[in-house]
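To keep things clear, I will list the structure first and then write my remarks on it.
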Amino acid sequence: MQSMQRVAVFDDYPIGRERWSDRIRALGMEPFPVANAPALDKVKLFLITNRISEVVSDHRLYERPYANYTGAELVKECYLAKVGAVLLTNWTRQDADTSLRIHRRWLPYVIDTGQMNAPNDEIRVALIQADKEARQGIIPEKREPFRTIMTIARVEVQATRQMVRVKIGQWNPDAEISFPLDMIPDHMRSEIKPDKLLIAQVNLDAERVEDLYFDKFELPDIDALRKSQAFFDHP
Amino acid sequence: MDNLRFSTTILRLLGEELIPSPDQGILELIKNAYDADASICEVELKSVHVRGGSIVLRDDGIGMGPDEIRNGWLVVGDSLKAKSTNSPSGRLLVGSKGLGRLGALRLGRTATLTTRPKSEPGVQYRVILDWNAFDQAGVVEEVQLNIVEEKAEDFKHGTDITINDLPTAWKKTDIKRLARSILLLRDPFASDTTFKTTLKGNEYRDLLALAKKDYRTECDFHLSATLDDEGQASAKVLSAGGKVLFEGDHGKIRGGNSDTVYRCPPATFELWEFLLSGKQRPFSNKRTNTGILKAWLQEFGGVRIYQKGVRIAPYGEAKNDWLDMNLRRAQNPEQRPSTNNSIGLVLVNDPKSILQQKTDRIGFVESEAFDELREFAKDVIEWMARERIIERNKRLKSEKEKVQTQKPEIEERLDKAIQALPKEQRTDVATAVKKLREVHKVEVALKDEVAHLYFTLGTVGTTAAAFAHQTKIPVRGILVDAKQLLAYLGDPNTFDLFRDDSSRIAERIKREAEAIYSFSNVTLKLLEHEKRRSANYSINNLISETIELLTPYFEARATTVIFIPDEEQPKVWCARAAFEAVMTNLLTNSLQAFERQASSGAVQSERRIHLSTKVSGDTAVIQLMDNGPGITDISMDEIWLPGKTMTEHGTGLGLAIVRDVVEDMRGWIESEANGDLGGASFTITLPLRH
């Protein structure tokens with residue numbers, strides 16, 4: 001007999017754990033509400049020992065003393081362990097450019113709880129898609145990465161973070177997209193200045209700005225740039 | 001043997017399309033005069049307001065012989081100057097590729113060069129460029145040019161260039177732009193007389209007259225910064241009278257990051273800022289009327305760059321805010337200059353030309369060196385703003401203290417003066433003064449109440465922002481549950497299947513609604529009108545009430561608050577709303593610090609906040625400390641500045657409100673980055689009221 005799918009539920013808010021467990025149960029799966037979150041480096045072990053097949057997690061897990069990581073970090077750990085995980089958040093707008101953007105590459109499905117209409121159905125769809133991407137490696141069009149060149153519009157300090165604002169002509173030439181400077185490898189940061197170019201893997205088919213991810217940053221080839229510059233200076 | 005040949009179209013492309021405006025081309029010709037060691041370069045516009053006009057440039061430089069004309073002046077895209085860095089007299093050369101010269105010469109249908117070399121007195125050489133001949137030829141090499149030797153009309157060496165038969169008429173705005181460009185080509189306020197440029201005509205005369213009225217001595221702040229050849233910055237700010245107000249070293253300018261140097265050529269940056277609004281400077285000692293100053297700033301305002309003594313456009317033009325001064329002022333208007341109220345110069349010597357100009361002569365190539373130069377100027381402005389805000393706060397505090405000290409003395413003198421009056425007048429005056437004091441008291445009380453209202457509103461705002469999720473989470477939860485319930489109810493066939501689920505949903509909605517009710521009470525209680533009246537209050541009671549008020553938040557965040565009150569029941573004179581604003585902001589900060597610590601990956605022990613009161617002489621001392629991460633990533637001076645925050649979504653208003661309220665209560669507040677519990681610690685001292 002095939003055992004019931006067991007879905008771990010992470011939320012620092014106890015009523016939240018109860019709510020998402022009810023949704024999982026209504027889908028015919030077994031909820032596994034996690035009252036004591038494991039350390040981030042023990043997540044993989046936790047998933048194996050508790051025979052977890054999928055995960056749903058709230059994003060801000062630190063408001064109450066619960067976990068010293070965000071739901072996005074947890075979902076990334078699950079993704080790397082090939083376990084599909086769905087992120088739920090009440091804070092899409094506030095966190096989109098910061099704590100969500102950093103890990104967006106490994107967040108197969110993010111649900112904005114304020115936008116849910118039929119919760120059971122939406123969680124079902126999200127779990128299927130997360131499982132496909134993380135376990136089976138099937139990436140939907142909207143999340144497929146393309147090597148993309150972008151222009152740095154500016155670097156600015158927002159409260160406590162340094163943020164980079166870029167324009168991606170291939171996505172929307174008029175929009176500025178923001179992400180934290182610390183996503184870019186250390187050795188490249190001194191080159192991150194207004195009007196300079198930057199290359200990264202970006203999911204250009206994403207419809208919404210909050211779904212865009214940035215991965216594998218590169219600086220453009222300086223020699224090639226110099227050659228093109230020289231062409232304009234000495235035509 | 002064959003050669004690569006160029007179509008004459010290339011001359012049009014290079015000359016007209018690469019140099020976007022006529023004034024840039026003429027400036028290049030003036031730079032040539034400078035490089036030829038001229039002491040003066042005169043530009044004359046003849047009938048340019050109609051088609052067919054001409055432009056004449058005359059200089060008294062060293063002139064050119066036939067070889068220099070042939071191998072330098074007539075070569076486009078390269079220059080003899082490129083091979084050396086100094087003129088014969090030692091000036092650093094400022095012209096370059098010769099494209100600007102081509103652009104200028106092509107402004108008319110013909111251009112004539114007449115040059116009298118210093119080395120051959122009495123001889124002059126003439127070359128005429130007839131562009132019609134080029135237009136009719138297929139390739140550039142087909143047009144023959146003759147360098148004609150003539151007897152010079154006078155023995156003065158120098159070069160004249162006449163651009164004839166302009167195909168289009170110049171507008172007044174074109175002439176004015178050229179006049180401005182010529183005037184600003186060298187620092188118009190510098191006393192250097194080794195090279196002068198003039199433009200014959202009213203436009204230039206008027207501008208020159210305006211520039212001569214150098215109002216910089218009437219500025220309110222003069223920023224003077226230096227970047228040495230090691231990349232180390234230093235700066236000072238002087239007052240209107242030349243007194244040094246602030247001095248900053250490299251570390252202060254870099255905002256604490258003193259290990260990183262600026263990787264660009266040495267430079268100086270001078271900025272003169274004028275406070276133009278009456279409110280900013282009510283007792284201004286300016287001799288000049290604000291309207292005149294504004295007009296002067298409109299013409300000469302902005303921060304320009306001079307490389308080797310010659311201006312690099314477009315930095316400092318009306319719409320060129322290359323230091324983002326206006327953007328930063330819009331984001332944080334306090335104590336910052338804008339391009340409309342200041343005038344500045346960045347002077348870079350740069351003998352090796354590390355900063356390269358773009359081919360179209362509009363700005364520098366965006367290289368690392370230029371980015372770093374810009375960073376230096378921006379950092380210096382930012383440092384000045386920080387220093388001025390700190391100074392402003394100190395001044396306000398001392399003014400408040402001065403008034404508080406003077407008031408009793410003045411009242412005593414007034415009472416003595418009344419007593420000294422003849423008896424018949426004394427009663428009338430005493431009654432009138434008593435009445436006046438009563439009215440004044442009411443007026444002050446009303447103002448206090450308004451101030452407390454704003455403190456309270458500020459606190460409600462910061463509290464609401466900090467705890468928004470406390471209500472948002474249950475509200476969102478109710479929304480999710482309600483939508484699921486509706487989905488079940490919409491399909492009667494499945495409803496029975498989910499009857500148990502539906503009951504649990506309804507029960508949860510009830511519980512969450514109750515939680516929202518208790519949270520919403522907090523902000524409403526903070527706004528109670530009665531709390532804005534000042535009276536003698538026991539601070540033990542006020543602290544206990546605030547803790548009780550915020551208990552739902554502490555419970556929701558599993559935070560233990562321990563309060564150890566002094567047994568003497570210290571009392572202070574204050575409005576309850578003001579005191580609550582102080583305590584609420586500090587407690588909110590602790591809760592946010594716990595979240596910040598957890599989200600950064602640190603392992604947390606039990607969250608604790610300790611509060612205590614103690615009587616010390618004539619003062620009551622309140623201490624609040626927590627076991628959070630402490631004050632990090634911000635200097636201890638800056639924590640009180642509005643807008644400065646350690647929290648990602650913080651407003652940066654909380655501690656600014658706390659400091660203002662405590663000072664309003666005639667007390668003071670001190671902070672420690674890491675107190676006895678490991679986290680931030682705040683100590684408030686307030687005068688006791690028995």
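Letters A, B, ... mark the chains of the structure tokens in the order given; residue numbers begin at 1 per chain; ligand numbers begin at 1, in order shown.
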Shell of 6 Å around segment 528-533 of chain B, only C-alpha atoms, local chain residues under 4 positions omitted, as a CSV table (one decimal) with C-alpha atoms, in the first residue's frame:
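Written output follows (part.csv):
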chain,number,residue,atom,x,y,z
B,449,GLU,CA,-0.3,69.7,23.9
B,452,HIS,CA,2.7,65.9,22.5
B,575,ALA,CA,2.5,64.3,29.8
B,576,ARG,CA,1.7,60.6,30.0
B,577,ALA,CA,1.6,60.5,26.2
Provide as a PDB file with N, CA and C atoms, in the first residue's frame the residues of chain B at most 7 Å from chain A, counting only C-alpha atoms.
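Contents of out17.pdb, as written:
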ATOM      1  N   THR B 359      34.924  61.383 -26.999  1.00  0.00           N
ATOM      2  CA  THR B 359      35.234  61.951 -28.306  1.00  0.00           C
ATOM      3  C   THR B 359      34.391  63.180 -28.625  1.00  0.00           C
ATOM      4  N   ILE B 473      -0.906  39.503  10.084  1.00  0.00           N
ATOM      5  CA  ILE B 473      -0.870  38.036   9.989  1.00  0.00           C
ATOM      6  C   ILE B 473      -2.251  37.431  10.294  1.00  0.00           C
ATOM      7  N   ARG B 476      -4.702  38.356   7.433  1.00  0.00           N
ATOM      8  CA  ARG B 476      -4.461  37.529   6.235  1.00  0.00           C
ATOM      9  C   ARG B 476      -4.963  36.106   6.475  1.00  0.00           C
ATOM     10  N   VAL B 480      -7.684  33.982   4.294  1.00  0.00           N
ATOM     11  CA  VAL B 480      -7.452  32.665   3.685  1.00  0.00           C
ATOM     12  C   VAL B 480      -8.546  31.695   4.132  1.00  0.00           C
ATOM     13  N   LYS B 483     -11.968  32.540   2.613  1.00  0.00           N
ATOM     14  CA  LYS B 483     -12.073  32.182   1.194  1.00  0.00           C
ATOM     15  C   LYS B 483     -12.259  30.675   1.015  1.00  0.00           C
ATOM     16  N   GLN B 484     -11.565  29.901   1.882  1.00  0.00           N
ATOM     17  CA  GLN B 484     -11.722  28.457   1.797  1.00  0.00           C
ATOM     18  C   GLN B 484     -13.136  28.043   2.194  1.00  0.00           C
ATOM     19  N   ALA B 487     -15.399  28.666  -0.575  1.00  0.00           N
ATOM     20  CA  ALA B 487     -15.233  27.654  -1.619  1.00  0.00           C
ATOM     21  C   ALA B 487     -16.018  26.387  -1.258  1.00  0.00           C
ATOM     22  N   ASP B 501     -13.502  20.342   8.809  1.00  0.00           N
ATOM     23  CA  ASP B 501     -12.530  21.376   8.421  1.00  0.00           C
ATOM     24  C   ASP B 501     -13.195  22.749   8.584  1.00  0.00           C
ATOM     25  N   ALA B 556       3.286  37.689  22.087  1.00  0.00           N
ATOM     26  CA  ALA B 556       3.339  37.163  20.717  1.00  0.00           C
ATOM     27  C   ALA B 556       4.772  36.880  20.290  1.00  0.00           C
ATOM     28  N   ARG B 557       5.709  37.588  20.893  1.00  0.00           N
ATOM     29  CA  ARG B 557       7.118  37.400  20.508  1.00  0.00           C
ATOM     30  C   ARG B 557       7.904  36.666  21.585  1.00  0.00           C
ATOM     31  N   ALA B 558       7.194  36.047  22.493  1.00  0.00           N
ATOM     32  CA  ALA B 558       7.824  35.259  23.557  1.00  0.00           C
ATOM     33  C   ALA B 558       8.966  36.027  24.222  1.00  0.00           C
ATOM     34  N   GLU B 595      14.318  40.392  16.417  1.00  0.00           N
ATOM     35  CA  GLU B 595      13.994  39.872  15.078  1.00  0.00           C
ATOM     36  C   GLU B 595      15.193  39.956  14.157  1.00  0.00           C
ATOM     37  N   ALA B 598      17.620  37.242  14.929  1.00  0.00           N
ATOM     38  CA  ALA B 598      17.214  35.915  14.453  1.00  0.00           C
ATOM     39  C   ALA B 598      17.333  35.817  12.943  1.00  0.00           C
ATOM     40  N   SER B 599      16.918  36.879  12.246  1.00  0.00           N
ATOM     41  CA  SER B 599      16.937  36.801  10.783  1.00  0.00           C
ATOM     42  C   SER B 599      18.362  36.792  10.242  1.00  0.00           C
ATOM     43  N   SER B 600      19.334  37.225  11.072  1.00  0.00           N
ATOM     44  CA  SER B 600      20.724  37.223  10.586  1.00  0.00           C
ATOM     45  C   SER B 600      21.374  35.859  10.800  1.00  0.00           C
ATOM     46  N   GLY B 601      20.641  34.932  11.368  1.00  0.00           N
ATOM     47  CA  GLY B 601      21.167  33.572  11.523  1.00  0.00           C
ATOM     48  C   GLY B 601      21.790  33.307  12.879  1.00  0.00           C
ATOM     49  N   ALA B 602      21.780  34.324  13.758  1.00  0.00           N
ATOM     50  CA  ALA B 602      22.383  34.114  15.081  1.00  0.00           C
ATOM     51  C   ALA B 602      21.483  33.229  15.941  1.00  0.00           C
ATOM     52  N   VAL B 603      22.129  32.443  16.787  1.00  0.00           N
ATOM     53  CA  VAL B 603      21.359  31.582  17.687  1.00  0.00           C
ATOM     54  C   VAL B 603      20.948  32.418  18.899  1.00  0.00           C
ATOM     55  N   THR B 645      18.462  54.154  10.663  1.00  0.00           N
ATOM     56  CA  THR B 645      17.857  52.980  11.276  1.00  0.00           C
ATOM     57  C   THR B 645      18.739  51.753  11.088  1.00  0.00           C
ATOM     58  N   MET B 646      18.569  50.804  11.999  1.00  0.00           N
ATOM     59  CA  MET B 646      19.296  49.539  11.874  1.00  0.00           C
ATOM     60  C   MET B 646      18.365  48.454  11.323  1.00  0.00           C
ATOM     61  N   THR B 647      17.081  48.795  11.222  1.00  0.00           N
ATOM     62  CA  THR B 647      16.082  47.801  10.866  1.00  0.00           C
ATOM     63  C   THR B 647      15.676  47.973   9.411  1.00  0.00           C
ATOM     64  N   GLU B 648      15.574  46.843   8.700  1.00  0.00           N
ATOM     65  CA  GLU B 648      15.346  46.899   7.266  1.00  0.00           C
ATOM     66  C   GLU B 648      14.127  47.733   6.871  1.00  0.00           C
ATOM     67  N   HIS B 649      13.038  47.586   7.584  1.00  0.00           N
ATOM     68  CA  HIS B 649      11.846  48.351   7.217  1.00  0.00           C
ATOM     69  C   HIS B 649      11.544  49.436   8.246  1.00  0.00           C
TER      70      HIS B 649
END
With a distance cut-off of 12 Å and only C-alpha atoms, select the neighbouring residues of Ile48 of chain A, excluding the residue or stretch itself and same-chain residues fewer than 3 positions from it, and output the selection as a ChimeraX atom specification.
-> /A:6,8,42-45,51-54,78,81-83
Give the answer as one residue: which of A:Phe217, A:Trp171, A:Phe10, A:Phe179 has the shortest atom-to-atom distance to Ala96 of chain A, using only C-alpha atoms?
->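 For Ala96 of chain A, the nearest of the candidates is A:Phe179.
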Determine which residues of segment 238-332 of chain B DSSP labels as strand (DSSP E or B) from the backbone of this structure, then write them out as a list in words.
->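 Answer for segment 238-332 of chain B restricted to strand (DSSP E or B) is Leu238, Ser239, Val244, Leu245, Phe246, Glu247, Gly248, Ala267, Thr268, Phe269, Glu270, Leu271, Trp272, Glu273, Gly302, Val303, Arg304, Ile305, Tyr306, Gln307, Val310, Arg311 and Ile312 of chain B.
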Saved selection, atoms kept: C-alpha atoms, as a PDB file, in the first residue's frame:
ATOM      1  CA  LEU B 238      33.971  77.236   7.045  1.00  0.00           C
ATOM      2  CA  SER B 239      31.300  79.682   8.141  1.00  0.00           C
ATOM      3  CA  VAL B 244      36.344  76.565  10.685  1.00  0.00           C
ATOM      4  CA  LEU B 245      33.118  74.811  11.711  1.00  0.00           C
ATOM      5  CA  PHE B 246      34.032  71.182  11.056  1.00  0.00           C
ATOM      6  CA  GLU B 247      37.085  69.292  10.000  1.00  0.00           C
ATOM      7  CA  GLY B 248      37.066  65.759   8.705  1.00  0.00           C
ATOM      8  CA  ALA B 267      41.817  66.893  -6.725  1.00  0.00           C
ATOM      9  CA  THR B 268      40.357  69.725  -4.736  1.00  0.00           C
ATOM     10  CA  PHE B 269      36.671  70.372  -4.268  1.00  0.00           C
ATOM     11  CA  GLU B 270      35.293  73.743  -3.194  1.00  0.00           C
ATOM     12  CA  LEU B 271      31.599  74.349  -2.624  1.00  0.00           C
ATOM     13  CA  TRP B 272      29.909  77.569  -1.518  1.00  0.00           C
ATOM     14  CA  GLU B 273      26.371  77.102  -0.207  1.00  0.00           C
ATOM     15  CA  GLY B 302      26.181  73.811  -9.887  1.00  0.00           C
ATOM     16  CA  VAL B 303      29.468  71.960  -9.482  1.00  0.00           C
ATOM     17  CA  ARG B 304      31.819  72.268 -12.468  1.00  0.00           C
ATOM     18  CA  ILE B 305      34.962  70.231 -13.174  1.00  0.00           C
ATOM     19  CA  TYR B 306      38.189  71.832 -14.321  1.00  0.00           C
ATOM     20  CA  GLN B 307      40.906  69.534 -15.634  1.00  0.00           C
ATOM     21  CA  VAL B 310      40.088  74.067 -18.321  1.00  0.00           C
ATOM     22  CA  ARG B 311      36.428  73.289 -17.888  1.00  0.00           C
ATOM     23  CA  ILE B 312      34.996  69.913 -18.854  1.00  0.00           C
TER      24      ILE B 312
END
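The two atoms in question, atom CA of Leu208 of chain B and atom CA of Gly316 of chain B, are spaced 18.0 Å apart.
Minimum atom-to-atom distances from A:Ala153, A:Val209, A:Leu127, A:Met163 to Thr92 of chain A were compared using only C-alpha atoms, and the lowest value belongs to A:Val209.
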Could you jot down the atom CA of Leu591 of chain B to atom CA of Val450 of chain B separation for me, Å, one decimal place?
->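 A separation of 28.8 Å between them.
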From segment 455-659 of chain B, collect each residue whose DSSP state is helix (DSSP H, G or I) and return the set as JSON, numbers by chain.
-> {"B": [455, 456, 457, 458, 459, 460, 461, 462, 463, 464, 465, 466, 468, 469, 470, 471, 472, 473, 474, 475, 476, 477, 478, 479, 480, 481, 482, 483, 484, 485, 486, 487, 488, 489, 492, 493, 494, 495, 496, 497, 498, 499, 500, 501, 502, 503, 504, 505, 506, 507, 508, 509, 510, 511, 512, 513, 514, 515, 516, 517, 518, 519, 520, 521, 522, 523, 524, 525, 526, 529, 530, 531, 532, 539, 540, 541, 542, 543, 544, 545, 546, 547, 548, 549, 550, 551, 552, 553, 554, 555, 556, 576, 577, 578, 579, 580, 581, 582, 583, 584, 585, 586, 587, 588, 589, 590, 591, 592, 593, 594, 595, 596, 597, 598, 599, 638, 639, 640, 654, 655, 656, 657, 658, 659]}
